[in-house]
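A.B. asks: The structure file start_4.pdb (PDB, C-alpha atoms and all ligand atoms) is provided below.
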```pdb
MODEL        1
ATOM      1  CA  MET A1380     -12.905   2.971   5.986  1.00  0.00           C
ATOM      2  CA  ALA A1381     -11.113   0.213   4.150  1.00  0.00           C
ATOM      3  CA  VAL A1382     -11.456  -1.288   0.701  1.00  0.00           C
ATOM      4  CA  LYS A1383     -10.127  -4.701  -0.183  1.00  0.00           C
ATOM      5  CA  LEU A1384      -7.468  -4.771  -2.880  1.00  0.00           C
ATOM      6  CA  ASN A1385      -7.466  -7.485  -5.493  1.00  0.00           C
ATOM      7  CA  ALA A1386      -4.380  -9.489  -6.397  1.00  0.00           C
ATOM      8  CA  GLU A1387      -3.597  -7.315  -9.401  1.00  0.00           C
ATOM      9  CA  GLN A1388      -3.694  -4.141  -7.318  1.00  0.00           C
ATOM     10  CA  GLU A1389      -1.488  -5.690  -4.652  1.00  0.00           C
ATOM     11  CA  GLN A1390       0.989  -6.621  -7.371  1.00  0.00           C
ATOM     12  CA  VAL A1391       1.039  -3.085  -8.772  1.00  0.00           C
ATOM     13  CA  ILE A1392       1.757  -1.731  -5.305  1.00  0.00           C
ATOM     14  CA  ALA A1393       4.482  -4.332  -4.711  1.00  0.00           C
ATOM     15  CA  ASP A1394       6.050  -3.479  -8.075  1.00  0.00           C
ATOM     16  CA  TRP A1395       5.999   0.230  -7.271  1.00  0.00           C
ATOM     17  CA  ILE A1396       7.698  -0.348  -3.925  1.00  0.00           C
ATOM     18  CA  HIS A1397      10.338  -2.580  -5.524  1.00  0.00           C
ATOM     19  CA  LYS A1398      11.009   0.146  -8.063  1.00  0.00           C
ATOM     20  CA  LYS A1399      11.388   2.856  -5.434  1.00  0.00           C
ATOM     21  CA  ILE A1400      13.102   0.906  -2.660  1.00  0.00           C
ATOM     22  CA  GLU A1401      15.517  -1.762  -3.783  1.00  0.00           C
ATOM     23  CA  HIS A1402      15.615  -3.637  -0.486  1.00  0.00           C
ATOM     24  CA  LEU A1403      12.715  -2.664   1.712  1.00  0.00           C
ATOM     25  CA  THR A1404      13.722  -3.494   5.275  1.00  0.00           C
ATOM     26  CA  CYS A1405      11.439  -3.708   8.285  1.00  0.00           C
ATOM     27  CA  GLN A1406      12.017  -0.713  10.539  1.00  0.00           C
ATOM     28  CA  HIS A1407      11.633  -2.916  13.620  1.00  0.00           C
ATOM     29  CA  CYS A1408      13.411  -6.206  12.943  1.00  0.00           C
ATOM     30  CA  GLN A1409      15.345  -5.495   9.722  1.00  0.00           C
ATOM     31  CA  SER A1410      13.673  -8.402   7.947  1.00  0.00           C
ATOM     32  CA  THR A1411      13.338  -8.040   4.183  1.00  0.00           C
ATOM     33  CA  HIS A1412      10.359 -10.408   3.966  1.00  0.00           C
ATOM     34  CA  TRP A1413       7.155  -8.435   3.537  1.00  0.00           C
ATOM     35  CA  ARG A1414       3.870  -8.448   1.692  1.00  0.00           C
ATOM     36  CA  VAL A1415       1.347  -5.839   0.678  1.00  0.00           C
ATOM     37  CA  GLY A1416      -1.647  -5.749   3.037  1.00  0.00           C
ATOM     38  CA  GLU A1417      -4.998  -6.554   1.482  1.00  0.00           C
ATOM     39  CA  LEU A1418      -6.745  -3.362   2.590  1.00  0.00           C
ATOM     40  CA  LEU A1419      -6.661   0.149   1.196  1.00  0.00           C
ATOM     41  CA  LEU A1420      -7.172   2.404   4.223  1.00  0.00           C
ATOM     42  CA  SER A1421      -8.875   5.791   4.150  1.00  0.00           C
ATOM     43  CA  PRO A1422      -9.429   8.239   7.001  1.00  0.00           C
ATOM     44  CA  ASP A1423     -13.025   8.099   8.277  1.00  0.00           C
ATOM     45  CA  ARG A1424     -13.398  11.766   8.993  1.00  0.00           C
ATOM     46  CA  ASP A1425     -14.144  12.777   5.412  1.00  0.00           C
ATOM     47  CA  PRO A1426     -16.548  10.308   3.758  1.00  0.00           C
ATOM     48  CA  GLY A1427     -16.419  10.382   0.003  1.00  0.00           C
ATOM     49  CA  SER A1428     -12.944  11.796  -0.080  1.00  0.00           C
ATOM     50  CA  HIS A1429     -10.101   9.376  -0.449  1.00  0.00           C
ATOM     51  CA  CYS A1430      -7.469  11.959   0.186  1.00  0.00           C
ATOM     52  CA  GLY A1431      -4.869  10.377   2.400  1.00  0.00           C
ATOM     53  CA  SER A1432      -5.600   6.783   1.428  1.00  0.00           C
ATOM     54  CA  MET A1433      -2.876   4.415   2.512  1.00  0.00           C
ATOM     55  CA  VAL A1434      -1.661   0.970   1.621  1.00  0.00           C
ATOM     56  CA  GLN A1435      -0.010  -1.307   4.159  1.00  0.00           C
ATOM     57  CA  VAL A1436       3.222  -3.197   3.831  1.00  0.00           C
ATOM     58  CA  ILE A1437       3.408  -5.896   6.491  1.00  0.00           C
ATOM     59  CA  CYS A1438       6.583  -7.536   7.755  1.00  0.00           C
ATOM     60  CA  GLN A1439       6.326 -11.326   7.521  1.00  0.00           C
ATOM     61  CA  ASN A1440       8.632 -11.758  10.488  1.00  0.00           C
ATOM     62  CA  CYS A1441       7.433  -9.398  13.230  1.00  0.00           C
ATOM     63  CA  GLY A1442       4.165  -8.092  11.781  1.00  0.00           C
ATOM     64  CA  GLY A1443       5.337  -4.496  11.765  1.00  0.00           C
ATOM     65  CA  VAL A1444       3.339  -2.317   9.357  1.00  0.00           C
ATOM     66  CA  SER A1445       4.587   0.462   7.110  1.00  0.00           C
ATOM     67  CA  LEU A1446       2.137   2.768   5.351  1.00  0.00           C
ATOM     68  CA  PHE A1447       2.489   4.222   1.862  1.00  0.00           C
ATOM     69  CA  ASP A1448       0.495   6.991   0.216  1.00  0.00           C
ATOM     70  CA  ALA A1449      -1.892   5.273  -2.207  1.00  0.00           C
ATOM     71  CA  ASN A1450      -2.396   8.411  -4.265  1.00  0.00           C
ATOM     72  CA  ARG A1451       1.264   8.570  -5.032  1.00  0.00           C
ATOM     73  CA  ILE A1452       1.267   4.966  -6.207  1.00  0.00           C
ATOM     74  CA  ALA A1453      -1.895   5.471  -8.249  1.00  0.00           C
ATOM     75  CA  ASN A1454      -0.402   8.523  -9.924  1.00  0.00           C
ATOM     76  CA  TRP A1455       2.815   6.764 -10.768  1.00  0.00           C
ATOM     77  CA  ARG A1456       1.099   5.556 -13.919  1.00  0.00           C
ATOM     78  CA  SER A1457      -2.549   5.895 -14.753  1.00  0.00           C
ATOM     79  CA  LEU A1458      -3.602   2.935 -12.783  1.00  0.00           C
ATOM     80  CA  ASP A1459      -7.298   2.590 -13.442  1.00  0.00           C
ATOM     81  CA  SER A1460      -7.775  -0.433 -11.259  1.00  0.00           C
ATOM     82  CA  LEU A1461      -6.457   1.366  -8.178  1.00  0.00           C
ATOM     83  CA  THR A1462      -7.879   4.821  -8.794  1.00  0.00           C
ATOM     84  CA  ASP A1463     -11.311   3.265  -9.283  1.00  0.00           C
ATOM     85  CA  LEU A1464     -11.268   2.435  -5.599  1.00  0.00           C
ATOM     86  CA  MET A1465     -10.402   5.940  -4.525  1.00  0.00           C
TER
HETATM   87 ZN    ZN B1501       9.764  -6.861  11.137  1.00  0.00          ZN
ENDMDL
END
```
Let's see the structure in the file written out as structure tokens.
C.D. replies:
Amino acid sequence: MAVKLNAEQEQVIADWIHKKIEHLTCQHCQSTHWRVGELLLSPDRDPGSHCGSMVQVICQNCGGVSLFDANRIANWRSLDSLTDLM
């Protein structure tokens, strides 16, 4: 299952990553150009539960994808706009 993030939510995620990782580098090509993917991903096996939801960070050079735990980002501050999706 996937839910589309709005621009504000993508920005919150990008801000969180910038705060935690000063220079996020692609694990494949070492590029530092990336963007937050537009989908919040949840495992299909447990409908109704958003445990394990993930956000994507996509390398703008090679397209490599890194995944981050959405719950951790949502809990960083009470982020209503993100937790509403989960
Ligand atoms: Zn890359």
A.B. asks: What would the selection look like, as a ChimeraX atom specification, if the PyMOL selection byres (((chain A and resi 1386-1399) around 8) and not hetatm) were run on the coordinates I just shared?
C.D. replies: /A:1384-1385,1400-1403,1414-1417,1452,1460-1461
A.B. asks: In the coordinate frame of the file, compute which residues have an atom within 12 Å of (4.7, -3.8, 10.8) when using all atoms listed in the file, and state them as a list in words.
C.D. replies: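 These residues have at least one counted atom within 12 Å: Thr1404, Cys1405, Gln1406, His1407, Cys1408, Gln1409, Ser1410, Thr1411, His1412, Trp1413, Arg1414, Val1415, Gly1416, Gln1435, Val1436, Ile1437, Cys1438, Gln1439, Asn1440, Cys1441, Gly1442, Gly1443, Val1444, Ser1445 and Leu1446 of chain A.
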A.B. asks: Return as a PyMOL selection string the set of residues that the PyMOL selection byres (((chain A and resi 1433) around 7) and not hetatm) yields on the displayed structure.
C.D. replies: chain A and resi 1419-1421+1431-1432+1434-1435+1446-1449
A.B. asks: Kindly list the centre and edge lengths in Å, rounded to one decimal, for the axis-aligned box that covers all listed atoms of stretch 1443-1449 of chain A plus 6 Å on each of its six sides, as JSON.
C.D. replies:
```
{"center_x": 1.7, "center_y": 1.2, "center_z": 4.8, "size_x": 19.2, "size_y": 23.5, "size_z": 26.0}
```
